[in-house]
Amino acid sequence: MNRRAFIKIGTLFFAVGMGCNTKKYEGGKLTNYPITIDSNRSIGHLARKSLLHGISQEIKTDVLIVGAGIAGMAAACSLKGRDNILCDLNPHLGGTSGAITIDNQQFSQGAHYDMSYPGYYGEDGLELLESLNIIVYNNTLDRWDFKDKQHVIKTELEERCYRNGQLYPSVLVDSELKQNFLDLMHPYNGKMVLPTTQINANIKNLDHLTFSVYLNKYLPVTSDFMEAIDYQMMDDYGGKSDQVSALAGIHYYRCRPYYSKLEPEIFSPTEGNYYFIQKMMNHLNSEQVKPNSLVVGLEKLQKGWDVDIWEVTNERKVRYTCKNVIYAGQKHLLKYIHPESYKIFNDVKYAPWIVINIELQGESIDEDFWQNDFLSTNGQFLGFINSRAQTKKGNRVLTAYYCYPDIYHHMVQDLENGANEIVDQTITFINTYFKKDLDPFIKHVYVKLLGHAMPIPVPGYLSKNREVEKDGLSFAGVDTGRLPLMFDALDSGIQAAKRI
Ligand SMILES: Cc1cc2nc3c(=O)[nH]c(=O)nc-3n(C[C@H](O)[C@H](O)[C@H](O)COP(=O)(O)OP(=O)(O)OC[C@H]3O[C@@H](n4cnc5c(N)ncnc54)[C@H](O)[C@@H]3O)c2cc1C
């Protein structure tokens with residue numbers, strides 16, 4: 001009998017979470033297919049190694065950009081015409097909007113989607129997306145639509161939610177409570193803009209209480225209802241309603257005209273938001289982009305900066321002397337790279353995430369819903385995306401997501417030693433969802449470990465401005481006090497480029 005048939009879903013997280021031996025795993029049928037694990041755990045080792053080397057080459061540039069995620073890329077695009085270098089520690093660019101190539105097709109290993117933009121969104125981000133030929137203004141609906149319509153998810157395929165053995169059309173099921181909740185959110189229509197820096201100061205007081213305190217104050221919420229809200233908060237913000245601010249929570253439900261006739265389009269290519277990375281890459285000169293380049297030191301000069309970079313492939317240290325630095329990498333590493341700047345960011349909490357791409361072969365599944373939510377006593381598993389809602393091409397790939405509390409960074413990174421159990425657990429959940437054993441169809445599993453993946457918008461986070469410019473050093477990225485969303489990442493890069 002398949003071992004999975006009698007594993008209790010609720011206990012699984014603890015088996016993994018407590019770090020049981022994942023190297024020698026004897027349950028399930030895992031040996032039938034390969035598991036590839038990708039993580040950044042070696043950063044510390046590489047940084048230490050770089051200390052043993054002198055500078056091999058010195059290069060001058062006007063601007064050095066750290067981090068080729070959405071923010072760093074947007075900064076580079078905005079600086080077009082100015083001498084700039086964009087470096088990233090990874091061989092593949094994109095950061096949390098990265099992708100993996102499976103059988104010549106790209107699949108998301110992080111951010112999976114964006115939505116059409118209302119007319120009231122910030123001009124700078126819209127202008128960049130328009131110049132990249134990604135969006136076009138729709139006069140009738142007063143919104144910006146995506147040009148590549150083939151990546152817009154069909155409304156009837158958007159979502160299905162598993163909960164207590166049943167499948168529902170959405171996470172928040174229709175009820176009187178849901179209607180009261182939407183009525184409570186209603187006054188914020190059009191006020192929850194992106195980028196978040198443009199939110200009017202007179203509603204910023206909502207940043208000083210949690211979403212759960214706010215909801216409990218105004219509604220007779222039930223535990224079932226809060227479970228659904230918590231699920232949605234985890235899914236987009238990496239923290240539950242008792243962690244994230246009311247401002248972040250309300251923003252989630254009101255930043256676009258959801259629940260109205262103007263329902264925004266969901267844009268989700270198989271490569272997810274790596275689509276935007278590629279569009280920006282096409283805009284840049286490939287010589288200015290340096291993958292496998294870890295920034296290990298940042299030193300202020302009388303005029304400008306020295307930035308030391310460890311070239312991972314060449315095993316050598318290069319010093320860039322530049323007038324300006326845009327730091328768009330995650331800020332927890334500033335602790336080692338530039339401790340003085342870390343003081344601005346030492347209150348940012350990051351949720352670790354795990355993304356698991358499961359490649360299936362053959363006609364394994366009948367249903368083709370795009371987002372498959374999964375609510376269970378395991379609060380960490382957030383369901384999966386099914387590539388067949390995005391394209392009919394190639395093998396079917398299911399992309400599963402886990403989000404953990406911020407104290408679990410090490411546990412997530414330790415899975416580098418063996419992710420068999422979490423893969424087994426994921427397949428169990430998916431089998432439960434489809435009421436079918438998918439083991440015989442699994443060809444390959446790819447596990448991506450993201451240690452400091454998503455800044456959690458806890459109370460106070462969105463009101464503190466961390467995007468300062470001092471002596472030519474400027475910060476960008478969603479972890480500067482913005483929501484972990486594509487449009488905010490994009491805008492933070494554009495504004496950093498404007499500041500220097
Ligand atoms: C699992 C997951 C799913 C998500 N899903 C969505 C979604 O569907 N839609 C959405 O809008 N948003 C989503 N997000 C949020 C996403 O993080 C943002 O939308 C956006 O991609 C963040 O971009 P960024 O440039 O700010 O940061 P990052 O993507 O974190 O990029 C930072 C880059 O800096 C590099 N770096 C860090 N330190 C150094 C150093 N010392 N030297 C060199 N390079 C360095 C890193 O390698 C990385 O590439 C998701 C996030 C996660 C983790």
# chains A, B, ... in the order shown; residues from 1 in each chain; ligands from 1
>>> residues_near_ligand(ligand="ligand 1", cutoff="7 Å", atoms="only C-alpha atoms and all ligand atoms", output="number ranges by chain")
A: 66-72, 87-90, 93-97, 110-114, 236, 273, 293-296, 328-330, 333, 353-355, 401, 450, 453-454, 476-479, 484-487, 489
>>> residues_around(residues="Tyr408 in chain A", least_positions_apart="4", cutoff="9 Å", atoms="only C-alpha atoms", output="VMD selection string")
chain A and resid 17 351 to 352 404 412 to 413 451
>>> residues_around(residues="Asp406 in chain A", least_positions_apart="4", cutoff="9 Å", atoms="only C-alpha atoms", output="NGL selection string")
:A and (238-239 or 349-352 or 452 or 456)
>>> write_last_selection(atoms="N, CA and C atoms", output="mmCIF file, in the first residue's frame")
data_model
loop_
_atom_site.group_PDB
_atom_site.id
_atom_site.type_symbol
_atom_site.label_atom_id
_atom_site.label_comp_id
_atom_site.auth_asym_id
_atom_site.auth_seq_id
_atom_site.Cartn_x
_atom_site.Cartn_y
_atom_site.Cartn_z
ATOM 1 N N GLY A 238 3.295 36.779 3.212
ATOM 2 C CA GLY A 238 4.188 35.975 4.039
ATOM 3 C C GLY A 238 3.894 36.000 5.533
ATOM 4 N N GLY A 239 2.769 36.559 5.939
ATOM 5 C CA GLY A 239 2.423 36.581 7.366
ATOM 6 C C GLY A 239 0.908 36.543 7.517
ATOM 7 N N LYS A 349 11.392 42.027 8.738
ATOM 8 C CA LYS A 349 11.253 40.569 8.935
ATOM 9 C C LYS A 349 10.973 39.919 7.580
ATOM 10 N N TYR A 350 11.675 38.826 7.319
ATOM 11 C CA TYR A 350 11.501 38.143 6.036
ATOM 12 C C TYR A 350 10.886 36.751 6.223
ATOM 13 N N ALA A 351 9.924 36.414 5.391
ATOM 14 C CA ALA A 351 9.376 35.050 5.392
ATOM 15 C C ALA A 351 10.180 34.184 4.422
ATOM 16 N N PRO A 352 10.636 33.013 4.867
ATOM 17 C CA PRO A 352 11.261 32.077 3.920
ATOM 18 C C PRO A 352 10.185 31.337 3.118
ATOM 19 N N HIS A 452 15.538 34.300 2.640
ATOM 20 C CA HIS A 452 14.976 35.612 3.003
ATOM 21 C C HIS A 452 14.202 36.103 1.790
ATOM 22 N N ILE A 456 7.783 40.944 5.403
ATOM 23 C CA ILE A 456 6.405 40.872 5.919
ATOM 24 C C ILE A 456 5.965 42.277 6.335
#
>>> closest_residue(among="A:Leu51, A:Leu64, A:Ala228, A:Leu182", to="Ser376 in chain A", atoms="only C-alpha atoms")
A:Ala228
>>> select_by_dssp(residues="range 161-294 of chain A", states="strand (DSSP E)", output="NGL selection string")
:A and (161-163 or 166-168 or 266-267 or 289-290 or 293-294)
>>> residues_around(residues="Asp235 in chain A", least_positions_apart="4", cutoff="9 Å", atoms="only C-alpha atoms", output="PyMOL selection string")
chain A and resi 230-231+239+382+401-403
>>> closest_residue(among="A:Asn378, A:Thr196, A:Thr480, A:Gln361", to="Lys464 in chain A", atoms="only C-alpha atoms")
A:Thr480
>>> closest_residue(among="A:Ser56, A:Thr428, A:Asn200, A:Ser175", to="Thr222 in chain A", atoms="only C-alpha atoms")
A:Ser175
>>> residues_around(residues="Tyr253 in chain A", least_positions_apart="4", cutoff="12 Å", atoms="only C-alpha atoms", output="PDB file with N, CA, C and O atoms, in the first residue's frame")
ATOM      1  N   LEU A 172     -12.573  32.746  -0.132  1.00  0.00           N
ATOM      2  CA  LEU A 172     -13.625  33.383   0.687  1.00  0.00           C
ATOM      3  C   LEU A 172     -14.979  33.008   0.098  1.00  0.00           C
ATOM      4  O   LEU A 172     -15.372  33.531  -0.949  1.00  0.00           O
ATOM      5  N   LYS A 178     -19.059  37.613   4.495  1.00  0.00           N
ATOM      6  CA  LYS A 178     -18.202  38.087   3.396  1.00  0.00           C
ATOM      7  C   LYS A 178     -18.738  39.426   2.857  1.00  0.00           C
ATOM      8  O   LYS A 178     -17.964  40.345   2.595  1.00  0.00           O
ATOM      9  N   PHE A 181     -17.912  42.125   5.191  1.00  0.00           N
ATOM     10  CA  PHE A 181     -16.470  42.386   5.085  1.00  0.00           C
ATOM     11  C   PHE A 181     -16.198  43.294   3.871  1.00  0.00           C
ATOM     12  O   PHE A 181     -15.486  44.298   3.974  1.00  0.00           O
ATOM     13  N   LEU A 182     -16.799  42.955   2.741  1.00  0.00           N
ATOM     14  CA  LEU A 182     -16.579  43.772   1.538  1.00  0.00           C
ATOM     15  C   LEU A 182     -17.138  45.187   1.720  1.00  0.00           C
ATOM     16  O   LEU A 182     -16.545  46.163   1.269  1.00  0.00           O
ATOM     17  N   ASP A 183     -18.276  45.291   2.454  1.00  0.00           N
ATOM     18  CA  ASP A 183     -18.838  46.623   2.736  1.00  0.00           C
ATOM     19  C   ASP A 183     -17.869  47.435   3.591  1.00  0.00           C
ATOM     20  O   ASP A 183     -17.718  48.642   3.407  1.00  0.00           O
ATOM     21  N   LEU A 184     -17.216  46.740   4.526  1.00  0.00           N
ATOM     22  CA  LEU A 184     -16.240  47.417   5.393  1.00  0.00           C
ATOM     23  C   LEU A 184     -15.045  47.937   4.582  1.00  0.00           C
ATOM     24  O   LEU A 184     -14.488  49.001   4.858  1.00  0.00           O
ATOM     25  N   MET A 185     -14.658  47.183   3.568  1.00  0.00           N
ATOM     26  CA  MET A 185     -13.505  47.563   2.738  1.00  0.00           C
ATOM     27  C   MET A 185     -13.884  48.656   1.721  1.00  0.00           C
ATOM     28  O   MET A 185     -13.032  49.371   1.224  1.00  0.00           O
ATOM     29  N   HIS A 186     -15.190  48.753   1.419  1.00  0.00           N
ATOM     30  CA  HIS A 186     -15.665  49.594   0.320  1.00  0.00           C
ATOM     31  C   HIS A 186     -15.140  51.038   0.322  1.00  0.00           C
ATOM     32  O   HIS A 186     -14.715  51.552  -0.720  1.00  0.00           O
ATOM     33  N   PRO A 187     -15.139  51.728   1.482  1.00  0.00           N
ATOM     34  CA  PRO A 187     -14.689  53.138   1.465  1.00  0.00           C
ATOM     35  C   PRO A 187     -13.258  53.314   0.974  1.00  0.00           C
ATOM     36  O   PRO A 187     -12.859  54.421   0.642  1.00  0.00           O
ATOM     37  N   TYR A 188     -12.493  52.237   0.896  1.00  0.00           N
ATOM     38  CA  TYR A 188     -11.092  52.369   0.469  1.00  0.00           C
ATOM     39  C   TYR A 188     -10.913  52.172  -1.035  1.00  0.00           C
ATOM     40  O   TYR A 188      -9.791  52.179  -1.531  1.00  0.00           O
ATOM     41  N   ASN A 189     -12.022  52.007  -1.742  1.00  0.00           N
ATOM     42  CA  ASN A 189     -11.930  51.873  -3.210  1.00  0.00           C
ATOM     43  C   ASN A 189     -11.147  53.034  -3.804  1.00  0.00           C
ATOM     44  O   ASN A 189     -11.430  54.189  -3.504  1.00  0.00           O
ATOM     45  N   GLY A 190     -10.146  52.711  -4.615  1.00  0.00           N
ATOM     46  CA  GLY A 190      -9.387  53.761  -5.300  1.00  0.00           C
ATOM     47  C   GLY A 190      -8.344  54.443  -4.424  1.00  0.00           C
ATOM     48  O   GLY A 190      -7.566  55.260  -4.893  1.00  0.00           O
ATOM     49  N   LYS A 191      -8.354  54.128  -3.117  1.00  0.00           N
ATOM     50  CA  LYS A 191      -7.397  54.798  -2.209  1.00  0.00           C
ATOM     51  C   LYS A 191      -6.170  53.948  -1.954  1.00  0.00           C
ATOM     52  O   LYS A 191      -5.146  54.430  -1.481  1.00  0.00           O
ATOM     53  N   MET A 192      -6.275  52.645  -2.215  1.00  0.00           N
ATOM     54  CA  MET A 192      -5.157  51.737  -1.943  1.00  0.00           C
ATOM     55  C   MET A 192      -4.326  51.593  -3.222  1.00  0.00           C
ATOM     56  O   MET A 192      -4.457  50.617  -3.962  1.00  0.00           O
ATOM     57  N   VAL A 193      -3.541  52.613  -3.475  1.00  0.00           N
ATOM     58  CA  VAL A 193      -2.831  52.668  -4.750  1.00  0.00           C
ATOM     59  C   VAL A 193      -1.528  51.874  -4.719  1.00  0.00           C
ATOM     60  O   VAL A 193      -1.070  51.454  -3.668  1.00  0.00           O
ATOM     61  N   PHE A 211      -4.132  43.576  11.042  1.00  0.00           N
ATOM     62  CA  PHE A 211      -5.375  43.371  10.292  1.00  0.00           C
ATOM     63  C   PHE A 211      -6.387  42.612  11.160  1.00  0.00           C
ATOM     64  O   PHE A 211      -7.573  42.890  11.107  1.00  0.00           O
ATOM     65  N   ILE A 229      -8.907  34.378   5.565  1.00  0.00           N
ATOM     66  CA  ILE A 229      -8.170  35.654   5.466  1.00  0.00           C
ATOM     67  C   ILE A 229      -6.674  35.390   5.701  1.00  0.00           C
ATOM     68  O   ILE A 229      -5.818  35.882   4.965  1.00  0.00           O
ATOM     69  N   GLN A 232      -4.966  33.999   2.707  1.00  0.00           N
ATOM     70  CA  GLN A 232      -4.697  34.986   1.649  1.00  0.00           C
ATOM     71  C   GLN A 232      -3.554  35.930   2.030  1.00  0.00           C
ATOM     72  O   GLN A 232      -2.749  36.312   1.185  1.00  0.00           O
ATOM     73  N   MET A 233      -3.474  36.268   3.320  1.00  0.00           N
ATOM     74  CA  MET A 233      -2.377  37.141   3.768  1.00  0.00           C
ATOM     75  C   MET A 233      -1.029  36.429   3.613  1.00  0.00           C
ATOM     76  O   MET A 233      -0.048  37.011   3.165  1.00  0.00           O
ATOM     77  N   ASP A 236       0.158  36.270  -0.128  1.00  0.00           N
ATOM     78  CA  ASP A 236       0.723  37.466  -0.771  1.00  0.00           C
ATOM     79  C   ASP A 236       1.724  38.221   0.089  1.00  0.00           C
ATOM     80  O   ASP A 236       2.573  38.926  -0.433  1.00  0.00           O
ATOM     81  N   ALA A 246      -3.172  46.455   9.193  1.00  0.00           N
ATOM     82  CA  ALA A 246      -4.497  46.640   8.577  1.00  0.00           C
ATOM     83  C   ALA A 246      -4.342  47.327   7.218  1.00  0.00           C
ATOM     84  O   ALA A 246      -5.087  47.045   6.281  1.00  0.00           O
ATOM     85  N   LEU A 247      -3.338  48.202   7.103  1.00  0.00           N
ATOM     86  CA  LEU A 247      -3.116  48.897   5.819  1.00  0.00           C
ATOM     87  C   LEU A 247      -2.785  47.878   4.723  1.00  0.00           C
ATOM     88  O   LEU A 247      -3.354  47.916   3.632  1.00  0.00           O
ATOM     89  N   ALA A 248      -1.881  46.939   5.051  1.00  0.00           N
ATOM     90  CA  ALA A 248      -1.522  45.903   4.074  1.00  0.00           C
ATOM     91  C   ALA A 248      -2.747  45.042   3.759  1.00  0.00           C
ATOM     92  O   ALA A 248      -3.023  44.729   2.595  1.00  0.00           O
ATOM     93  N   GLY A 249      -3.485  44.658   4.794  1.00  0.00           N
ATOM     94  CA  GLY A 249      -4.647  43.775   4.629  1.00  0.00           C
ATOM     95  C   GLY A 249      -5.702  44.416   3.737  1.00  0.00           C
ATOM     96  O   GLY A 249      -6.185  43.808   2.769  1.00  0.00           O
ATOM     97  N   PRO A 257     -10.124  46.969  -8.576  1.00  0.00           N
ATOM     98  CA  PRO A 257     -11.586  46.858  -8.435  1.00  0.00           C
ATOM     99  C   PRO A 257     -12.083  45.405  -8.464  1.00  0.00           C
ATOM    100  O   PRO A 257     -12.812  45.001  -9.372  1.00  0.00           O
ATOM    101  N   TYR A 258     -11.622  44.624  -7.458  1.00  0.00           N
ATOM    102  CA  TYR A 258     -12.115  43.240  -7.365  1.00  0.00           C
ATOM    103  C   TYR A 258     -13.608  43.272  -7.012  1.00  0.00           C
ATOM    104  O   TYR A 258     -14.111  44.276  -6.548  1.00  0.00           O
ATOM    105  N   TYR A 259     -14.251  42.153  -7.159  1.00  0.00           N
ATOM    106  CA  TYR A 259     -15.667  41.995  -6.806  1.00  0.00           C
ATOM    107  C   TYR A 259     -16.531  43.053  -7.492  1.00  0.00           C
ATOM    108  O   TYR A 259     -17.472  43.593  -6.918  1.00  0.00           O
ATOM    109  N   SER A 260     -16.154  43.471  -8.708  1.00  0.00           N
ATOM    110  CA  SER A 260     -16.976  44.432  -9.451  1.00  0.00           C
ATOM    111  C   SER A 260     -16.945  43.995 -10.915  1.00  0.00           C
ATOM    112  O   SER A 260     -16.208  43.079 -11.290  1.00  0.00           O
ATOM    113  N   GLU A 263     -13.540  43.692 -12.808  1.00  0.00           N
ATOM    114  CA  GLU A 263     -12.602  42.642 -12.351  1.00  0.00           C
ATOM    115  C   GLU A 263     -11.312  42.640 -13.191  1.00  0.00           C
ATOM    116  O   GLU A 263     -11.363  42.504 -14.425  1.00  0.00           O
TER     117      GLU A 263
END
>>> atom_distance(atom1="CA of Tyr461 in chain A", atom2="CA of Leu483 in chain A")
9.3 Å
>>> atom_distance(atom1="CA of Asp242 in chain A", atom2="CA of Tyr214 in chain A")
9.7 Å
>>> atom_distance(atom1="CA of Val397 in chain A", atom2="CA of Glu271 in chain A")
11.0 Å
>>> residues_around(residues="range 432-442 of chain A", least_positions_apart="3", cutoff="10 Å", atoms="only C-alpha atoms", output="number ranges by chain")
A: 2, 4-5, 9, 28-30, 32-34, 161-163, 165-167, 358-367, 372-374, 383, 396-397, 424, 426-429, 445
>>> write_last_selection(atoms="N, CA and C atoms", output="short mmCIF file (atom, residue, chain, number, x, y, z; two decimals), in the first residue's frame")
data_model
loop_
_atom_site.label_atom_id
_atom_site.label_comp_id
_atom_site.auth_asym_id
_atom_site.auth_seq_id
_atom_site.Cartn_x
_atom_site.Cartn_y
_atom_site.Cartn_z
N ASN A 2 0.46 2.28 -0.72
CA ASN A 2 1.21 3.53 -0.74
C ASN A 2 1.19 4.14 0.66
N ARG A 4 1.50 6.99 1.55
CA ARG A 4 0.80 8.26 1.66
C ARG A 4 -0.65 8.09 2.05
N ALA A 5 -1.19 6.91 1.74
CA ALA A 5 -2.60 6.68 2.01
C ALA A 5 -2.91 6.86 3.49
N ILE A 9 -2.23 14.47 7.14
CA ILE A 9 -1.71 15.71 6.58
C ILE A 9 -1.26 16.70 7.66
N GLY A 28 7.31 6.04 0.74
CA GLY A 28 6.89 6.48 -0.58
C GLY A 28 7.66 5.85 -1.72
N LYS A 29 7.56 6.49 -2.89
CA LYS A 29 8.20 5.93 -4.09
C LYS A 29 9.24 6.91 -4.62
N LEU A 30 9.84 7.65 -3.71
CA LEU A 30 10.67 8.77 -4.15
C LEU A 30 11.83 8.41 -5.05
N ASN A 32 11.95 6.83 -7.56
CA ASN A 32 11.60 6.68 -8.96
C ASN A 32 11.88 7.90 -9.82
N TYR A 33 12.08 9.02 -9.21
CA TYR A 33 12.32 10.22 -10.02
C TYR A 33 13.36 11.10 -9.31
N PRO A 34 14.12 11.87 -10.10
CA PRO A 34 15.15 12.72 -9.49
C PRO A 34 14.57 13.98 -8.84
N CYS A 161 -10.54 25.99 -4.72
CA CYS A 161 -9.98 25.93 -3.37
C CYS A 161 -10.39 24.65 -2.64
N TYR A 162 -9.39 23.92 -2.14
CA TYR A 162 -9.66 22.70 -1.37
C TYR A 162 -9.72 23.07 0.11
N ARG A 163 -10.78 22.61 0.75
CA ARG A 163 -10.89 22.88 2.18
C ARG A 163 -11.77 21.80 2.81
N GLY A 165 -11.83 18.62 2.64
CA GLY A 165 -12.29 17.55 1.76
C GLY A 165 -13.20 17.99 0.63
N GLN A 166 -13.50 19.28 0.56
CA GLN A 166 -14.41 19.79 -0.49
C GLN A 166 -13.69 20.77 -1.40
N LEU A 167 -14.18 20.94 -2.62
CA LEU A 167 -13.62 21.95 -3.51
C LEU A 167 -14.62 23.11 -3.65
N ILE A 358 6.86 20.44 -10.04
CA ILE A 358 6.71 19.00 -10.27
C ILE A 358 6.38 18.78 -11.75
N GLU A 359 7.29 18.13 -12.43
CA GLU A 359 7.08 17.88 -13.87
C GLU A 359 6.36 16.55 -14.03
N LEU A 360 5.21 16.59 -14.71
CA LEU A 360 4.41 15.37 -14.90
C LEU A 360 4.44 14.98 -16.38
N GLN A 361 4.32 13.71 -16.64
CA GLN A 361 4.23 13.28 -18.03
C GLN A 361 2.94 12.47 -18.22
N GLY A 362 2.47 12.44 -19.46
CA GLY A 362 1.25 11.68 -19.74
C GLY A 362 0.01 12.45 -19.34
N GLU A 363 -1.12 11.84 -19.55
CA GLU A 363 -2.39 12.49 -19.23
C GLU A 363 -2.75 12.22 -17.78
N SER A 364 -2.14 12.97 -16.90
CA SER A 364 -2.24 12.69 -15.47
C SER A 364 -3.49 13.27 -14.81
N ILE A 365 -3.89 14.47 -15.26
CA ILE A 365 -4.96 15.19 -14.55
C ILE A 365 -6.00 15.67 -15.57
N ASP A 366 -7.27 15.66 -15.16
CA ASP A 366 -8.31 16.12 -16.07
C ASP A 366 -8.57 17.63 -15.95
N GLU A 367 -8.47 18.15 -14.69
CA GLU A 367 -8.82 19.56 -14.48
C GLU A 367 -7.66 20.48 -14.78
N ASN A 372 -4.65 26.66 -7.47
CA ASN A 372 -5.31 25.61 -6.70
C ASN A 372 -4.95 25.83 -5.24
N ASP A 373 -5.86 26.51 -4.50
CA ASP A 373 -5.60 26.82 -3.09
C ASP A 373 -5.82 25.58 -2.26
N PHE A 374 -5.12 25.53 -1.13
CA PHE A 374 -5.23 24.34 -0.28
C PHE A 374 -5.21 24.78 1.18
N GLY A 383 -0.82 25.53 -1.66
CA GLY A 383 -1.41 25.10 -2.92
C GLY A 383 -0.44 25.17 -4.07
N ARG A 396 3.08 18.87 -18.36
CA ARG A 396 2.37 19.64 -17.34
C ARG A 396 3.31 19.84 -16.14
N VAL A 397 3.39 21.06 -15.65
CA VAL A 397 4.20 21.32 -14.46
C VAL A 397 3.30 21.94 -13.39
N ASP A 424 7.67 14.54 -0.78
CA ASP A 424 6.67 13.49 -0.53
C ASP A 424 5.38 14.10 0.04
N THR A 426 4.34 17.15 -0.33
CA THR A 426 3.66 17.97 -1.35
C THR A 426 2.82 17.08 -2.26
N ILE A 427 3.42 15.96 -2.65
CA ILE A 427 2.69 15.07 -3.56
C ILE A 427 1.48 14.47 -2.84
N THR A 428 1.63 14.24 -1.55
CA THR A 428 0.48 13.75 -0.78
C THR A 428 -0.66 14.77 -0.81
N PHE A 429 -0.30 16.03 -0.58
CA PHE A 429 -1.33 17.08 -0.61
C PHE A 429 -2.01 17.13 -1.98
N VAL A 445 11.42 16.44 -10.08
CA VAL A 445 10.95 17.46 -9.14
C VAL A 445 12.09 18.44 -8.88
#
